[in-house]
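Peer 1: Take a look at start-v8.txt, compact mmCIF, C-alpha atoms:
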# COMPACT_ATOMS: atom_id res chain seq x y z
CA MET A 1 94.54 111.07 115.15
CA LYS A 2 92.35 109.23 117.60
CA GLN A 3 89.31 111.54 117.76
CA VAL A 4 87.96 110.75 114.29
CA SER A 5 87.93 107.77 111.96
CA PHE A 6 87.86 107.75 108.18
CA GLU A 7 87.82 103.95 107.97
CA GLY A 8 85.57 102.57 105.25
CA ILE A 9 84.37 105.92 103.88
CA GLY A 10 83.92 105.75 100.10
CA ASN A 11 85.81 102.50 99.68
CA VAL A 12 85.81 101.00 96.19
CA THR A 13 87.63 97.69 95.82
CA ALA A 14 88.26 95.76 92.61
CA THR A 15 89.60 92.22 92.22
CA PHE A 16 92.85 91.68 90.30
CA ALA A 17 95.24 88.79 89.71
CA ALA A 18 98.10 89.17 92.21
CA GLY A 19 101.63 89.14 90.82
CA GLU A 20 104.54 87.67 92.73
CA GLY A 21 105.42 89.59 95.88
CA VAL A 22 102.06 91.30 96.46
CA ARG A 23 101.14 91.51 100.14
CA GLY A 24 98.25 93.11 101.96
CA GLY A 25 98.56 96.78 102.87
CA GLN A 26 101.10 97.73 100.21
CA VAL A 27 100.53 100.08 97.29
CA VAL A 28 100.49 98.26 93.96
CA LYS A 29 100.71 99.07 90.25
CA LEU A 30 99.25 97.48 87.15
CA THR A 31 101.81 95.11 85.63
CA GLU A 32 99.66 93.67 82.82
CA ASN A 33 95.98 93.40 81.94
CA GLY A 34 94.06 92.73 85.16
CA THR A 35 97.22 92.02 87.21
CA VAL A 36 98.89 94.04 89.95
CA GLY A 37 102.37 93.82 91.38
CA PRO A 38 104.61 95.56 93.92
CA CYS A 39 105.83 99.09 93.15
CA GLN A 40 109.39 100.31 92.87
CA ALA A 41 110.36 103.66 94.38
CA GLY A 42 108.89 106.51 92.32
CA ASP A 43 106.20 104.40 90.60
CA ALA A 44 102.66 105.69 90.26
CA PHE A 45 100.36 103.30 92.11
CA CYS A 46 96.79 102.23 91.32
CA GLY A 47 95.66 101.41 94.85
CA VAL A 48 96.31 99.46 98.05
CA ALA A 49 96.26 95.66 98.04
CA LEU A 50 94.19 93.65 100.47
CA GLU A 51 95.51 90.25 101.56
CA PRO A 52 96.08 88.05 98.46
CA ARG A 53 94.29 84.70 98.24
CA ARG A 54 94.49 81.95 95.61
CA GLY A 55 96.39 84.12 93.13
CA GLY A 56 94.08 87.12 93.38
CA CYS A 57 93.58 90.11 95.61
CA GLY A 58 91.23 92.97 96.20
CA VAL A 59 92.74 96.39 95.53
CA GLN A 60 91.23 99.48 97.11
CA VAL A 61 91.19 102.05 94.29
CA LYS A 62 89.05 104.77 95.94
CA GLY A 63 88.16 106.00 99.40
CA PHE A 64 90.04 106.56 102.63
CA VAL A 65 92.92 104.20 103.39
CA SER A 66 95.83 103.99 105.83
CA VAL A 67 99.28 103.48 104.34
CA SER A 68 102.87 103.53 105.48
CA CYS A 69 104.92 106.49 104.28
CA THR A 70 108.46 107.68 103.94
CA GLY A 71 109.32 111.31 104.63
CA THR A 72 106.97 114.12 105.50
CA LEU A 73 103.62 114.50 103.76
CA ALA A 74 101.72 117.79 103.75
CA LEU A 75 98.08 117.79 104.85
CA SER A 76 96.26 118.68 101.65
CA TRP A 77 95.98 117.43 98.09
CA ALA A 78 99.37 115.96 97.24
CA SER A 79 101.14 114.20 94.41
CA LEU A 80 102.36 110.87 95.78
CA SER A 81 104.39 107.95 94.45
CA ALA A 82 105.44 104.58 95.81
CA ASP A 83 108.40 104.56 98.19
CA GLY A 84 109.59 101.09 97.12
CA LYS A 85 108.83 99.60 100.56
CA GLY A 86 105.07 99.16 100.17
CA GLY A 87 104.13 102.69 101.17
CA VAL A 88 104.05 106.16 99.67
CA GLN A 89 106.21 109.28 99.52
CA ALA A 90 105.89 112.77 98.06
CA ALA A 91 106.35 112.46 94.30
CA ASP A 92 109.35 114.10 92.62
CA SER A 93 106.96 115.89 90.26
CA ALA A 94 103.19 116.24 89.93
CA ALA A 95 103.33 114.49 86.54
CA ALA A 96 105.00 111.41 88.09
CA GLY A 97 102.59 110.98 90.99
CA VAL A 98 99.07 110.09 91.98
CA SER A 99 96.84 112.85 93.34
CA ALA A 100 95.47 112.02 96.80
CA LEU A 101 94.10 113.97 99.75
CA VAL A 102 96.30 113.51 102.84
CA VAL A 103 94.03 113.93 105.90
CA CYS A 104 96.39 112.58 108.58
CA ALA A 105 100.17 112.25 108.52
CA GLU A 106 102.17 110.91 111.42
CA GLU A 107 105.68 109.51 111.49
CA GLY A 108 105.68 106.46 109.23
CA SER A 109 101.96 106.44 108.36
CA ALA A 110 99.29 108.47 106.67
CA VAL A 111 95.57 108.39 105.91
CA LEU A 112 94.75 109.22 102.29
CA CYS A 113 91.63 109.64 100.23
CA LEU A 114 92.32 108.05 96.85
What's the structure tokens form of this structure?

Peer 2:
Amino acid sequence: MKQVSFEGIGNVTATFAAGEGVRGGQVVKLTENGTVGPCQAGDAFCGVALEPRRGGCGVQVKGFVSVSCTGTLALSWASLSADGKGGVQAADSAAAGVSALVVCAEEGSAVLCL
């Protein structure tokens, strides 16, 4: 999708303590008060981590963001969960996932609006 860019639109980023194993670009979940950690496959995620520094990291919780993905994602509102590799996948059920708008889906990556 090279004709348009969604980068930076509506971004909201919050600062959290970064648990062990958090790396920039991966989806993360809340592991305790004010702390995020890596997701296991099927987990609901709270956002996408920016590069951790000094034990903390910004987490994008709203807006358009590029993520890696496993499997095929439909272009539309979708229920997504973590794929266990830092990206997202279609959730097994709507109740288990996070609702996001998929605006671009290519092999191995997607652009979402959280």

Peer 1: Work out how far CA of Asn11 in chain A is from CA of Gly71 in chain A, in Å to one decimal.

Peer 2: 25.6 Å

Peer 1: Could you tell me how far CA of Asn33 in chain A sits from CA of Val111 in chain A, in Å to one decimal place?

Peer 2: 28.3 Å

Peer 1: Quick one: distance from CA of Leu30 in chain A to CA of Ala90 in chain A in Å, one decimal?

Peer 2: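 The value is 19.9 Å.
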
Peer 1: Could you name the residues that touch Ser81 in chain A at 9 Å or less, counting only C-alpha atoms, but leaving out those on the same chain fewer than 6 positions away, as a CSV table (one decimal) with C-alpha atoms, keeping the file's coordinate frame?

Peer 2:
chain,number,residue,atom,x,y,z
A,41,ALA,CA,110.4,103.7,94.4
A,42,GLY,CA,108.9,106.5,92.3
A,43,ASP,CA,106.2,104.4,90.6
A,44,ALA,CA,102.7,105.7,90.3
A,45,PHE,CA,100.4,103.3,92.1
A,87,GLY,CA,104.1,102.7,101.2
A,88,VAL,CA,104.0,106.2,99.7
A,89,GLN,CA,106.2,109.3,99.5
A,90,ALA,CA,105.9,112.8,98.1
A,91,ALA,CA,106.4,112.5,94.3
A,92,ASP,CA,109.4,114.1,92.6
A,96,ALA,CA,105.0,111.4,88.1
A,97,GLY,CA,102.6,111.0,91.0
A,98,VAL,CA,99.1,110.1,92.0

Peer 1: Which residue, A:Trp77, A:Val28, A:Ser66, A:Gln60, has the smallest gap to Gly108 in chain A when you use only C-alpha atoms?

Peer 2: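 When distances to Gly108 in chain A are compared using only C-alpha atoms, the smallest one comes from A:Ser66.
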
Peer 1: Give as a PDB file with C-alpha atoms, in the frame of the given file each residue that has an atom at most 8 Å from (88.7, 106.4, 98.0) in the file, counting all atoms listed in the file.

Peer 2:
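Writing the result to out-v5.pdb gives the following:
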ATOM      1  CA  ILE A   9      84.370 105.920 103.880  1.00  0.00           C
ATOM      2  CA  GLY A  10      83.920 105.750 100.100  1.00  0.00           C
ATOM      3  CA  ASN A  11      85.810 102.500  99.680  1.00  0.00           C
ATOM      4  CA  VAL A  12      85.810 101.000  96.190  1.00  0.00           C
ATOM      5  CA  GLN A  60      91.230  99.480  97.110  1.00  0.00           C
ATOM      6  CA  VAL A  61      91.190 102.050  94.290  1.00  0.00           C
ATOM      7  CA  LYS A  62      89.050 104.770  95.940  1.00  0.00           C
ATOM      8  CA  GLY A  63      88.160 106.000  99.400  1.00  0.00           C
ATOM      9  CA  PHE A  64      90.040 106.560 102.630  1.00  0.00           C
ATOM     10  CA  VAL A  65      92.920 104.200 103.390  1.00  0.00           C
ATOM     11  CA  LEU A 112      94.750 109.220 102.290  1.00  0.00           C
ATOM     12  CA  CYS A 113      91.630 109.640 100.230  1.00  0.00           C
ATOM     13  CA  LEU A 114      92.320 108.050  96.850  1.00  0.00           C
TER      14      LEU A 114
END

Peer 1: I need every residue sitting at most 12 Å from the point (95.8, 112.4, 110.3) (coordinates as in the file, all atoms listed in the file considered), written as a list in words.

Peer 2: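 In the file's frame, the residues around the point are Met1, Lys2, Gln3, Val4, Ser5, Phe6, Glu7, Phe64, Val65, Ser66, Val67, Leu73, Ala74, Leu75, Ser76, Leu101, Val102, Val103, Cys104, Ala105, Glu106, Glu107, Gly108, Ser109, Ala110, Val111, Leu112 and Cys113 of chain A.
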
Peer 1: From the set A:Cys69, A:Ser99, A:Arg53, A:Gly21, which residue has the shortest atom-to-atom contact distance to Cys39 in chain A, counting only C-alpha atoms?

Peer 2: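 Answer, going by the shortest atom-to-atom distance: A:Gly21.
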
Peer 1: Go through A:Glu20, A:Ala78, A:Ala14, A:Thr72 and flag the residue nearest Gly47 in chain A, using only C-alpha atoms for the distances.

Peer 2: A:Ala14
